[in-house]
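Okay, work.cif is below, mmCIF, N, CA and C atoms:
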data_model
loop_
_atom_site.label_atom_id
_atom_site.label_comp_id
_atom_site.auth_asym_id
_atom_site.auth_seq_id
_atom_site.Cartn_x
_atom_site.Cartn_y
_atom_site.Cartn_z
N MET A 279 1.91 14.44 -11.65
CA MET A 279 1.84 14.49 -10.20
C MET A 279 3.21 14.88 -9.68
N THR A 280 3.21 15.71 -8.66
CA THR A 280 4.48 16.04 -8.03
C THR A 280 4.94 14.87 -7.19
N GLU A 281 6.19 14.90 -6.82
CA GLU A 281 6.76 13.82 -6.02
C GLU A 281 6.29 13.87 -4.57
N ALA A 282 5.75 15.02 -4.11
CA ALA A 282 5.39 15.19 -2.70
C ALA A 282 4.40 14.13 -2.19
N PRO A 283 3.28 13.86 -2.88
CA PRO A 283 2.37 12.84 -2.36
C PRO A 283 3.01 11.45 -2.30
N LEU A 284 3.79 11.10 -3.30
CA LEU A 284 4.44 9.79 -3.30
C LEU A 284 5.46 9.71 -2.17
N LYS A 285 6.21 10.78 -1.94
CA LYS A 285 7.17 10.80 -0.84
C LYS A 285 6.45 10.68 0.50
N THR A 286 5.37 11.42 0.66
CA THR A 286 4.58 11.36 1.90
C THR A 286 4.09 9.94 2.15
N LEU A 287 3.48 9.33 1.13
CA LEU A 287 2.96 7.97 1.28
C LEU A 287 4.09 6.99 1.52
N SER A 288 5.19 7.13 0.82
CA SER A 288 6.35 6.24 1.01
C SER A 288 6.88 6.32 2.43
N ASP A 289 6.95 7.55 2.96
CA ASP A 289 7.43 7.73 4.34
C ASP A 289 6.50 7.06 5.35
N LEU A 290 5.19 7.20 5.14
CA LEU A 290 4.22 6.55 6.02
C LEU A 290 4.37 5.03 5.98
N VAL A 291 4.50 4.49 4.76
CA VAL A 291 4.65 3.04 4.59
C VAL A 291 5.95 2.57 5.23
N SER A 292 7.03 3.32 5.04
CA SER A 292 8.32 2.94 5.63
C SER A 292 8.25 2.87 7.14
N ASP A 293 7.61 3.86 7.74
CA ASP A 293 7.48 3.86 9.20
C ASP A 293 6.64 2.67 9.67
N ALA A 294 5.51 2.45 9.03
CA ALA A 294 4.64 1.32 9.41
C ALA A 294 5.36 -0.01 9.19
N HIS A 295 6.12 -0.11 8.11
CA HIS A 295 6.87 -1.33 7.80
C HIS A 295 7.90 -1.63 8.90
N ALA A 296 8.64 -0.63 9.30
CA ALA A 296 9.64 -0.83 10.36
C ALA A 296 8.97 -1.25 11.66
N ARG A 297 7.86 -0.64 11.98
CA ARG A 297 7.16 -0.98 13.22
C ARG A 297 6.57 -2.39 13.17
N ILE A 298 6.03 -2.78 12.01
CA ILE A 298 5.43 -4.12 11.91
C ILE A 298 6.51 -5.19 12.01
N GLN A 299 7.69 -4.92 11.44
CA GLN A 299 8.78 -5.89 11.55
C GLN A 299 9.25 -6.02 12.98
N ALA A 300 9.28 -4.93 13.72
CA ALA A 300 9.71 -4.98 15.12
C ALA A 300 8.68 -5.70 16.00
N ALA A 301 7.40 -5.52 15.69
CA ALA A 301 6.35 -6.09 16.53
C ALA A 301 5.95 -7.51 16.14
N HIS A 302 6.11 -7.85 14.86
CA HIS A 302 5.63 -9.14 14.36
C HIS A 302 6.66 -9.73 13.39
N GLU A 303 7.61 -10.44 13.92
CA GLU A 303 8.68 -11.00 13.10
C GLU A 303 8.15 -11.93 12.01
N HIS A 304 7.05 -12.61 12.26
CA HIS A 304 6.51 -13.58 11.29
C HIS A 304 5.84 -12.91 10.09
N ILE A 305 5.50 -11.62 10.19
CA ILE A 305 4.83 -10.96 9.07
C ILE A 305 5.83 -10.56 7.99
N ASN A 306 6.83 -9.77 8.33
CA ASN A 306 7.93 -9.40 7.43
C ASN A 306 7.48 -9.04 6.01
N PRO A 307 6.70 -7.96 5.86
CA PRO A 307 6.21 -7.60 4.53
C PRO A 307 7.30 -7.06 3.61
N VAL A 308 7.03 -7.15 2.32
CA VAL A 308 7.91 -6.64 1.28
C VAL A 308 7.19 -5.46 0.63
N VAL A 309 7.89 -4.33 0.52
CA VAL A 309 7.30 -3.11 -0.03
C VAL A 309 7.93 -2.82 -1.39
N GLU A 310 7.08 -2.47 -2.36
CA GLU A 310 7.58 -2.12 -3.69
C GLU A 310 6.87 -0.84 -4.15
N VAL A 311 7.66 0.11 -4.62
CA VAL A 311 7.13 1.35 -5.20
C VAL A 311 7.29 1.23 -6.71
N ARG A 312 6.17 1.42 -7.42
CA ARG A 312 6.21 1.31 -8.88
C ARG A 312 5.68 2.57 -9.53
N GLN A 313 6.48 3.11 -10.42
CA GLN A 313 6.08 4.27 -11.20
C GLN A 313 5.98 3.92 -12.68
N GLY A 314 6.13 2.66 -13.01
CA GLY A 314 6.14 2.20 -14.39
C GLY A 314 4.81 2.33 -15.11
N MET A 315 3.72 2.47 -14.37
CA MET A 315 2.42 2.62 -15.04
C MET A 315 2.42 3.88 -15.90
N ARG A 316 3.20 4.87 -15.51
CA ARG A 316 3.29 6.10 -16.28
C ARG A 316 3.86 5.84 -17.67
N ASP A 317 4.78 4.88 -17.76
CA ASP A 317 5.37 4.53 -19.06
C ASP A 317 4.33 3.96 -20.01
N SER A 318 3.25 3.37 -19.46
CA SER A 318 2.18 2.83 -20.30
C SER A 318 1.00 3.79 -20.45
N GLY A 319 1.18 5.03 -20.00
CA GLY A 319 0.14 6.02 -20.19
C GLY A 319 -0.87 6.13 -19.06
N ILE A 320 -0.67 5.42 -17.96
CA ILE A 320 -1.58 5.50 -16.81
C ILE A 320 -0.95 6.45 -15.80
N PRO A 321 -1.59 7.60 -15.53
CA PRO A 321 -1.00 8.62 -14.66
C PRO A 321 -1.16 8.29 -13.17
N ALA A 322 -0.43 7.26 -12.73
CA ALA A 322 -0.55 6.82 -11.34
C ALA A 322 0.75 6.19 -10.87
N ASP A 323 0.94 6.23 -9.55
CA ASP A 323 2.04 5.54 -8.89
C ASP A 323 1.43 4.53 -7.93
N VAL A 324 2.12 3.41 -7.75
CA VAL A 324 1.60 2.31 -6.94
C VAL A 324 2.63 1.89 -5.91
N ILE A 325 2.14 1.64 -4.70
CA ILE A 325 2.96 0.99 -3.68
C ILE A 325 2.24 -0.30 -3.32
N SER A 326 2.95 -1.41 -3.41
CA SER A 326 2.37 -2.67 -2.98
C SER A 326 3.12 -3.15 -1.74
N ILE A 327 2.35 -3.70 -0.81
CA ILE A 327 2.90 -4.25 0.42
C ILE A 327 2.48 -5.72 0.43
N ASP A 328 3.45 -6.61 0.31
CA ASP A 328 3.17 -8.04 0.20
C ASP A 328 3.62 -8.78 1.45
N CYS A 329 2.81 -9.73 1.85
CA CYS A 329 3.22 -10.68 2.89
C CYS A 329 3.42 -12.02 2.18
N LEU A 330 4.66 -12.45 2.10
CA LEU A 330 4.96 -13.68 1.37
C LEU A 330 4.42 -14.91 2.10
N ARG A 331 4.37 -14.86 3.42
CA ARG A 331 3.87 -16.01 4.20
C ARG A 331 2.39 -16.27 3.94
N THR A 332 1.59 -15.21 3.92
CA THR A 332 0.14 -15.38 3.74
C THR A 332 -0.30 -15.20 2.28
N GLN A 333 0.63 -14.72 1.43
CA GLN A 333 0.34 -14.45 0.02
C GLN A 333 -0.74 -13.37 -0.14
N ARG A 334 -0.77 -12.43 0.80
CA ARG A 334 -1.72 -11.33 0.74
C ARG A 334 -1.00 -10.03 0.37
N ARG A 335 -1.75 -9.12 -0.22
CA ARG A 335 -1.17 -7.86 -0.70
C ARG A 335 -2.11 -6.70 -0.37
N ILE A 336 -1.51 -5.59 0.01
CA ILE A 336 -2.21 -4.32 0.13
C ILE A 336 -1.66 -3.44 -0.99
N THR A 337 -2.54 -2.96 -1.85
CA THR A 337 -2.14 -2.11 -2.96
C THR A 337 -2.61 -0.69 -2.68
N LEU A 338 -1.68 0.26 -2.80
CA LEU A 338 -1.97 1.68 -2.59
C LEU A 338 -1.68 2.42 -3.89
N VAL A 339 -2.62 3.24 -4.34
CA VAL A 339 -2.47 3.94 -5.62
C VAL A 339 -2.67 5.43 -5.42
N LEU A 340 -1.75 6.19 -5.98
CA LEU A 340 -1.90 7.65 -6.08
C LEU A 340 -2.15 7.94 -7.55
N HIS A 341 -3.35 8.39 -7.87
CA HIS A 341 -3.73 8.65 -9.27
C HIS A 341 -3.82 10.15 -9.48
N ASP A 342 -3.21 10.62 -10.56
CA ASP A 342 -3.20 12.06 -10.84
C ASP A 342 -4.60 12.65 -10.93
N GLN A 343 -5.58 11.87 -11.36
CA GLN A 343 -6.94 12.38 -11.51
C GLN A 343 -7.70 12.46 -10.20
N GLN A 344 -7.09 11.96 -9.12
CA GLN A 344 -7.69 12.05 -7.79
C GLN A 344 -6.64 12.56 -6.80
N PRO A 345 -6.19 13.80 -6.99
CA PRO A 345 -5.13 14.32 -6.13
C PRO A 345 -5.55 14.36 -4.66
N GLY A 346 -4.61 14.04 -3.79
CA GLY A 346 -4.88 14.06 -2.36
C GLY A 346 -5.59 12.82 -1.85
N THR A 347 -5.84 11.86 -2.73
CA THR A 347 -6.57 10.64 -2.36
C THR A 347 -5.68 9.42 -2.59
N VAL A 348 -5.74 8.49 -1.65
CA VAL A 348 -5.07 7.20 -1.80
C VAL A 348 -6.15 6.17 -2.06
N LEU A 349 -6.05 5.49 -3.19
CA LEU A 349 -6.92 4.36 -3.48
C LEU A 349 -6.24 3.13 -2.89
N TYR A 350 -7.00 2.25 -2.26
CA TYR A 350 -6.37 1.07 -1.67
C TYR A 350 -7.26 -0.15 -1.83
N GLN A 351 -6.57 -1.30 -1.80
CA GLN A 351 -7.26 -2.57 -2.02
C GLN A 351 -6.51 -3.67 -1.28
N PHE A 352 -7.25 -4.57 -0.68
CA PHE A 352 -6.70 -5.75 -0.03
C PHE A 352 -6.98 -6.94 -0.94
N VAL A 353 -5.94 -7.58 -1.45
CA VAL A 353 -6.07 -8.70 -2.37
C VAL A 353 -5.06 -9.78 -2.00
N THR A 354 -5.08 -10.87 -2.75
CA THR A 354 -4.02 -11.85 -2.61
C THR A 354 -3.00 -11.58 -3.72
N ARG A 355 -1.84 -12.14 -3.61
CA ARG A 355 -0.80 -11.90 -4.60
C ARG A 355 -1.16 -12.49 -5.96
N GLU A 356 -2.04 -13.49 -6.00
CA GLU A 356 -2.44 -14.10 -7.27
C GLU A 356 -3.51 -13.29 -7.98
N GLU A 357 -4.28 -12.51 -7.24
CA GLU A 357 -5.38 -11.75 -7.82
C GLU A 357 -4.86 -10.58 -8.64
N GLU A 358 -5.58 -10.30 -9.69
CA GLU A 358 -5.31 -9.09 -10.45
C GLU A 358 -5.97 -7.92 -9.73
N VAL A 359 -5.34 -6.78 -9.81
CA VAL A 359 -5.95 -5.58 -9.24
C VAL A 359 -7.22 -5.30 -10.03
N SER A 360 -8.29 -5.02 -9.32
CA SER A 360 -9.57 -4.75 -9.98
C SER A 360 -9.99 -3.32 -9.72
N GLY A 361 -11.15 -2.98 -10.18
CA GLY A 361 -11.66 -1.63 -10.01
C GLY A 361 -12.29 -1.38 -8.65
N ASP A 362 -12.29 -2.36 -7.78
CA ASP A 362 -12.96 -2.24 -6.49
C ASP A 362 -12.03 -1.65 -5.42
N PHE A 363 -11.65 -0.41 -5.60
CA PHE A 363 -10.78 0.26 -4.64
C PHE A 363 -11.59 1.07 -3.65
N LYS A 364 -11.13 1.10 -2.42
CA LYS A 364 -11.65 2.03 -1.43
C LYS A 364 -10.75 3.24 -1.50
N GLN A 365 -11.13 4.31 -0.83
CA GLN A 365 -10.28 5.49 -0.87
C GLN A 365 -10.24 6.18 0.49
N ILE A 366 -9.13 6.87 0.71
CA ILE A 366 -8.91 7.63 1.93
C ILE A 366 -8.09 8.86 1.55
N ASP A 367 -8.38 9.97 2.18
CA ASP A 367 -7.57 11.17 1.95
C ASP A 367 -6.16 10.91 2.45
N LEU A 368 -5.19 11.35 1.68
CA LEU A 368 -3.79 11.18 2.09
C LEU A 368 -3.55 11.84 3.44
N THR A 369 -4.19 12.97 3.70
CA THR A 369 -3.99 13.65 4.98
C THR A 369 -4.60 12.88 6.15
N ALA A 370 -5.55 11.98 5.87
CA ALA A 370 -6.17 11.17 6.92
C ALA A 370 -5.44 9.85 7.14
N LEU A 371 -4.57 9.48 6.23
CA LEU A 371 -3.83 8.22 6.34
C LEU A 371 -2.61 8.44 7.23
N SER A 372 -2.39 7.50 8.13
CA SER A 372 -1.25 7.61 9.04
C SER A 372 -0.47 6.30 9.04
N SER A 373 0.73 6.35 9.59
CA SER A 373 1.50 5.12 9.71
C SER A 373 0.80 4.16 10.67
N ASP A 374 0.05 4.70 11.64
CA ASP A 374 -0.73 3.84 12.55
C ASP A 374 -1.79 3.06 11.78
N THR A 375 -2.47 3.73 10.85
CA THR A 375 -3.48 3.06 10.03
C THR A 375 -2.84 1.96 9.20
N LEU A 376 -1.73 2.28 8.55
CA LEU A 376 -1.03 1.28 7.74
C LEU A 376 -0.54 0.12 8.59
N PHE A 377 -0.01 0.42 9.77
CA PHE A 377 0.42 -0.63 10.69
C PHE A 377 -0.75 -1.54 11.03
N ASP A 378 -1.90 -0.95 11.37
CA ASP A 378 -3.08 -1.75 11.71
C ASP A 378 -3.54 -2.60 10.53
N TRP A 379 -3.53 -2.02 9.32
CA TRP A 379 -3.92 -2.79 8.14
C TRP A 379 -3.01 -4.00 7.97
N MET A 380 -1.70 -3.79 8.08
CA MET A 380 -0.75 -4.90 7.91
C MET A 380 -0.93 -5.94 9.01
N GLN A 381 -1.06 -5.47 10.23
CA GLN A 381 -1.21 -6.39 11.37
C GLN A 381 -2.48 -7.23 11.22
N ASP A 382 -3.58 -6.58 10.87
CA ASP A 382 -4.85 -7.30 10.77
C ASP A 382 -4.93 -8.19 9.53
N TYR A 383 -4.48 -7.70 8.39
CA TYR A 383 -4.64 -8.44 7.14
C TYR A 383 -3.58 -9.52 6.94
N PHE A 384 -2.38 -9.27 7.44
CA PHE A 384 -1.29 -10.22 7.20
C PHE A 384 -1.11 -11.25 8.32
N ALA A 385 -1.70 -11.00 9.47
CA ALA A 385 -1.48 -11.92 10.61
C ALA A 385 -2.18 -13.26 10.42
#
Have the structure of the file written as structure tokens, please.
Amino acid sequence: MTEAPLKTLSDLVSDAHARIQAAHEHINPVVEVRQGMRDSGIPADVISIDCLRTQRRITLVLHDQQPGTVLYQFVTREEEVSGDFKQIDLTALSSDTLFDWMQDYFA
């Protein structure tokens, strides 16, 4: 996978993260970008957005076998990621959508 989709998604998450921190001080999510799955042979990059207060997580996956698509899942930090991902086209995902997801799921 080229770096472009990961950069695009990272930029969207960064913008939504800054806005959520400004609007909701109590949420204060932690964002992590992981490319280590590639080291284990899984052709995907992952961004996790964690809310430590509520112990909830939004997982975003860019998988090489589904170019242009973001797989996403709302879980708790204790749950293992499962196969039950929803999907959205990267071009349809916006920082507003990510902001709304964080606001609604982490509040």
Quiz item: Exactly which residues make up the result of the PyMOL selection byres (((chain A and resi 344 and name CA) around 12) and name CA) on this file, given as a ChimeraX atom specification?
Solution: /A:279,283,321-323,339-343,345-349,365-368
Quiz item: Counting all atoms listed in the file, what is within 8 Å of Ser288 of chain A, bar same-chain residues fewer than 6 positions away, as a list in words?
Solution: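 The residues that qualify are Ala282, Ala294, Val311 and Ile325 of chain A.
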Output N, CA and C atoms for every residue in that selection, as an mmCIF file, in the frame of the given file.
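Writing the result to selection-v1.cif gives the following:
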data_model
loop_
_atom_site.group_PDB
_atom_site.id
_atom_site.type_symbol
_atom_site.label_atom_id
_atom_site.label_comp_id
_atom_site.auth_asym_id
_atom_site.auth_seq_id
_atom_site.Cartn_x
_atom_site.Cartn_y
_atom_site.Cartn_z
ATOM 1 N N ALA A 282 5.750 15.020 -4.110
ATOM 2 C CA ALA A 282 5.390 15.190 -2.700
ATOM 3 C C ALA A 282 4.400 14.130 -2.190
ATOM 4 N N ALA A 294 5.510 2.450 9.030
ATOM 5 C CA ALA A 294 4.640 1.320 9.410
ATOM 6 C C ALA A 294 5.360 -0.010 9.190
ATOM 7 N N VAL A 311 7.660 0.110 -4.620
ATOM 8 C CA VAL A 311 7.130 1.350 -5.200
ATOM 9 C C VAL A 311 7.290 1.230 -6.710
ATOM 10 N N ILE A 325 2.140 1.640 -4.700
ATOM 11 C CA ILE A 325 2.960 0.990 -3.680
ATOM 12 C C ILE A 325 2.240 -0.300 -3.320
#
Quiz item: Residues picked by the PyMOL selection byres ((chain A and resi 333) around 6.5) here, as a ChimeraX atom specification?
Solution: /A:329-332,334-335,353-356
Quiz item: Which of these, A:Gly314, A:Leu284, A:Val309, A:Tyr383, has the shortest distance to Ser326 of chain A once you count only N, CA and C atoms?
Solution: A:Val309
Quiz item: So what do you get for atom N of Ile320 of chain A versus atom C of Leu338 of chain A, distance-wise?
Solution: 14.4 Å
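Of the residues listed (A:Glu310, A:Ile336, A:Ser318, A:Asp362), A:Ile336 shows the shortest atom-to-atom separation from Met380 of chain A; distances use only N, CA and C atoms.
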Quiz prompt | Separation of atom CA of Gln299 of chain A from atom CA of Thr375 of chain A, in Å and rounded to one decimal | solution =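 Distance reported for this atom pair: 15.3 Å.
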Practice problem: Could you check which of A:Glu358, A:Asp328, A:Asp293, A:Glu281 is closest to Asn306 of chain A, using only C-alpha atoms? | Solution: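 Checking each of A:Glu358, A:Asp328, A:Asp293, A:Glu281 against Asn306 of chain A, counting only C-alpha atoms, the winner is A:Asp328.
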Practice problem: Mind listing the strand (DSSP E) residues of segment 292-383 of chain A, per DSSP on the backbone, as number ranges by chain? | Solution: A: 308-312, 322-329, 334-341, 347-354, 364-367
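Between Val291 of chain A and the candidates A:Gln351, A:Ser373, A:Thr337, A:Gln313, the tightest atom-to-atom separation, counting all atoms listed in the file, involves A:Ser373.
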Practice problem: Calculate how many Å separate atom CA of Ser360 of chain A from atom CA of Asp382 of chain A, rounding to one decimal. | Solution: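 Between atom CA of Ser360 of chain A and atom CA of Asp382 of chain A the gap is 21.4 Å.
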Practice problem: Mind listing the alpha helix (DSSP H) residues of chain A, per DSSP on the backbone, as a PyMOL selection string? | Solution: chain A and resi 281-301+373-384
Can you take the partial segment 356-367 of chain A, add all heavy atoms, and return it as a short mmCIF file (atom, residue, chain, number, x, y, z; two decimals), in the frame of the given file?
data_model
loop_
_atom_site.label_atom_id
_atom_site.label_comp_id
_atom_site.auth_asym_id
_atom_site.auth_seq_id
_atom_site.Cartn_x
_atom_site.Cartn_y
_atom_site.Cartn_z
N GLU A 356 -2.04 -13.49 -6.00
CA GLU A 356 -2.44 -14.10 -7.27
C GLU A 356 -3.51 -13.29 -7.98
O GLU A 356 -3.67 -13.41 -9.19
CB GLU A 356 -2.97 -15.53 -7.05
CG GLU A 356 -1.94 -16.51 -6.54
CD GLU A 356 -1.81 -16.46 -5.03
OE1 GLU A 356 -2.81 -16.26 -4.32
OE2 GLU A 356 -0.68 -16.61 -4.54
N GLU A 357 -4.28 -12.51 -7.24
CA GLU A 357 -5.38 -11.75 -7.82
C GLU A 357 -4.86 -10.58 -8.64
O GLU A 357 -3.87 -9.97 -8.30
CB GLU A 357 -6.28 -11.18 -6.73
CG GLU A 357 -7.13 -12.19 -6.01
CD GLU A 357 -7.95 -11.53 -4.92
OE1 GLU A 357 -9.05 -11.05 -5.24
OE2 GLU A 357 -7.47 -11.48 -3.78
N GLU A 358 -5.58 -10.30 -9.69
CA GLU A 358 -5.31 -9.09 -10.45
C GLU A 358 -5.97 -7.92 -9.73
O GLU A 358 -7.03 -8.07 -9.12
CB GLU A 358 -5.91 -9.21 -11.86
CG GLU A 358 -5.22 -10.23 -12.74
CD GLU A 358 -3.79 -9.82 -13.08
OE1 GLU A 358 -3.54 -8.63 -13.30
OE2 GLU A 358 -2.93 -10.71 -13.11
N VAL A 359 -5.34 -6.78 -9.81
CA VAL A 359 -5.95 -5.58 -9.24
C VAL A 359 -7.22 -5.30 -10.03
O VAL A 359 -7.24 -5.37 -11.25
CB VAL A 359 -4.96 -4.39 -9.33
CG1 VAL A 359 -5.62 -3.11 -8.90
CG2 VAL A 359 -3.73 -4.68 -8.50
N SER A 360 -8.29 -5.02 -9.32
CA SER A 360 -9.57 -4.75 -9.98
C SER A 360 -9.99 -3.32 -9.72
O SER A 360 -9.28 -2.55 -9.09
CB SER A 360 -10.63 -5.73 -9.47
OG SER A 360 -10.96 -5.41 -8.13
N GLY A 361 -11.15 -2.98 -10.18
CA GLY A 361 -11.66 -1.63 -10.01
C GLY A 361 -12.29 -1.38 -8.65
O GLY A 361 -12.81 -0.29 -8.41
N ASP A 362 -12.29 -2.36 -7.78
CA ASP A 362 -12.96 -2.24 -6.49
C ASP A 362 -12.03 -1.65 -5.42
O ASP A 362 -11.68 -2.31 -4.45
CB ASP A 362 -13.46 -3.60 -6.03
CG ASP A 362 -14.47 -4.19 -6.99
OD1 ASP A 362 -15.19 -3.42 -7.63
OD2 ASP A 362 -14.52 -5.42 -7.09
N PHE A 363 -11.65 -0.41 -5.60
CA PHE A 363 -10.78 0.26 -4.64
C PHE A 363 -11.59 1.07 -3.65
O PHE A 363 -12.60 1.68 -4.01
CB PHE A 363 -9.81 1.21 -5.37
CG PHE A 363 -8.64 0.53 -5.99
CD1 PHE A 363 -8.71 0.05 -7.29
CD2 PHE A 363 -7.45 0.37 -5.29
CE1 PHE A 363 -7.63 -0.57 -7.88
CE2 PHE A 363 -6.37 -0.25 -5.88
CZ PHE A 363 -6.45 -0.73 -7.17
N LYS A 364 -11.13 1.10 -2.42
CA LYS A 364 -11.65 2.03 -1.43
C LYS A 364 -10.75 3.24 -1.50
O LYS A 364 -9.70 3.21 -2.15
CB LYS A 364 -11.60 1.40 -0.04
CG LYS A 364 -12.52 0.20 0.10
CD LYS A 364 -12.45 -0.38 1.48
CE LYS A 364 -13.38 -1.59 1.57
NZ LYS A 364 -13.30 -2.24 2.87
N GLN A 365 -11.13 4.31 -0.83
CA GLN A 365 -10.28 5.49 -0.87
C GLN A 365 -10.24 6.18 0.49
O GLN A 365 -11.17 6.06 1.29
CB GLN A 365 -10.72 6.45 -1.96
CG GLN A 365 -12.15 6.89 -1.92
CD GLN A 365 -12.48 7.74 -3.15
OE1 GLN A 365 -11.65 8.44 -3.70
NE2 GLN A 365 -13.73 7.68 -3.58
N ILE A 366 -9.13 6.87 0.71
CA ILE A 366 -8.91 7.63 1.93
C ILE A 366 -8.09 8.86 1.55
O ILE A 366 -7.23 8.78 0.67
CB ILE A 366 -8.20 6.76 3.00
CG1 ILE A 366 -8.11 7.50 4.33
CG2 ILE A 366 -6.84 6.30 2.53
CD1 ILE A 366 -7.62 6.61 5.50
N ASP A 367 -8.38 9.97 2.18
CA ASP A 367 -7.57 11.17 1.95
C ASP A 367 -6.16 10.91 2.45
O ASP A 367 -5.98 10.33 3.53
CB ASP A 367 -8.14 12.38 2.69
CG ASP A 367 -9.40 12.93 2.03
OD1 ASP A 367 -9.63 12.65 0.84
OD2 ASP A 367 -10.14 13.65 2.73
#
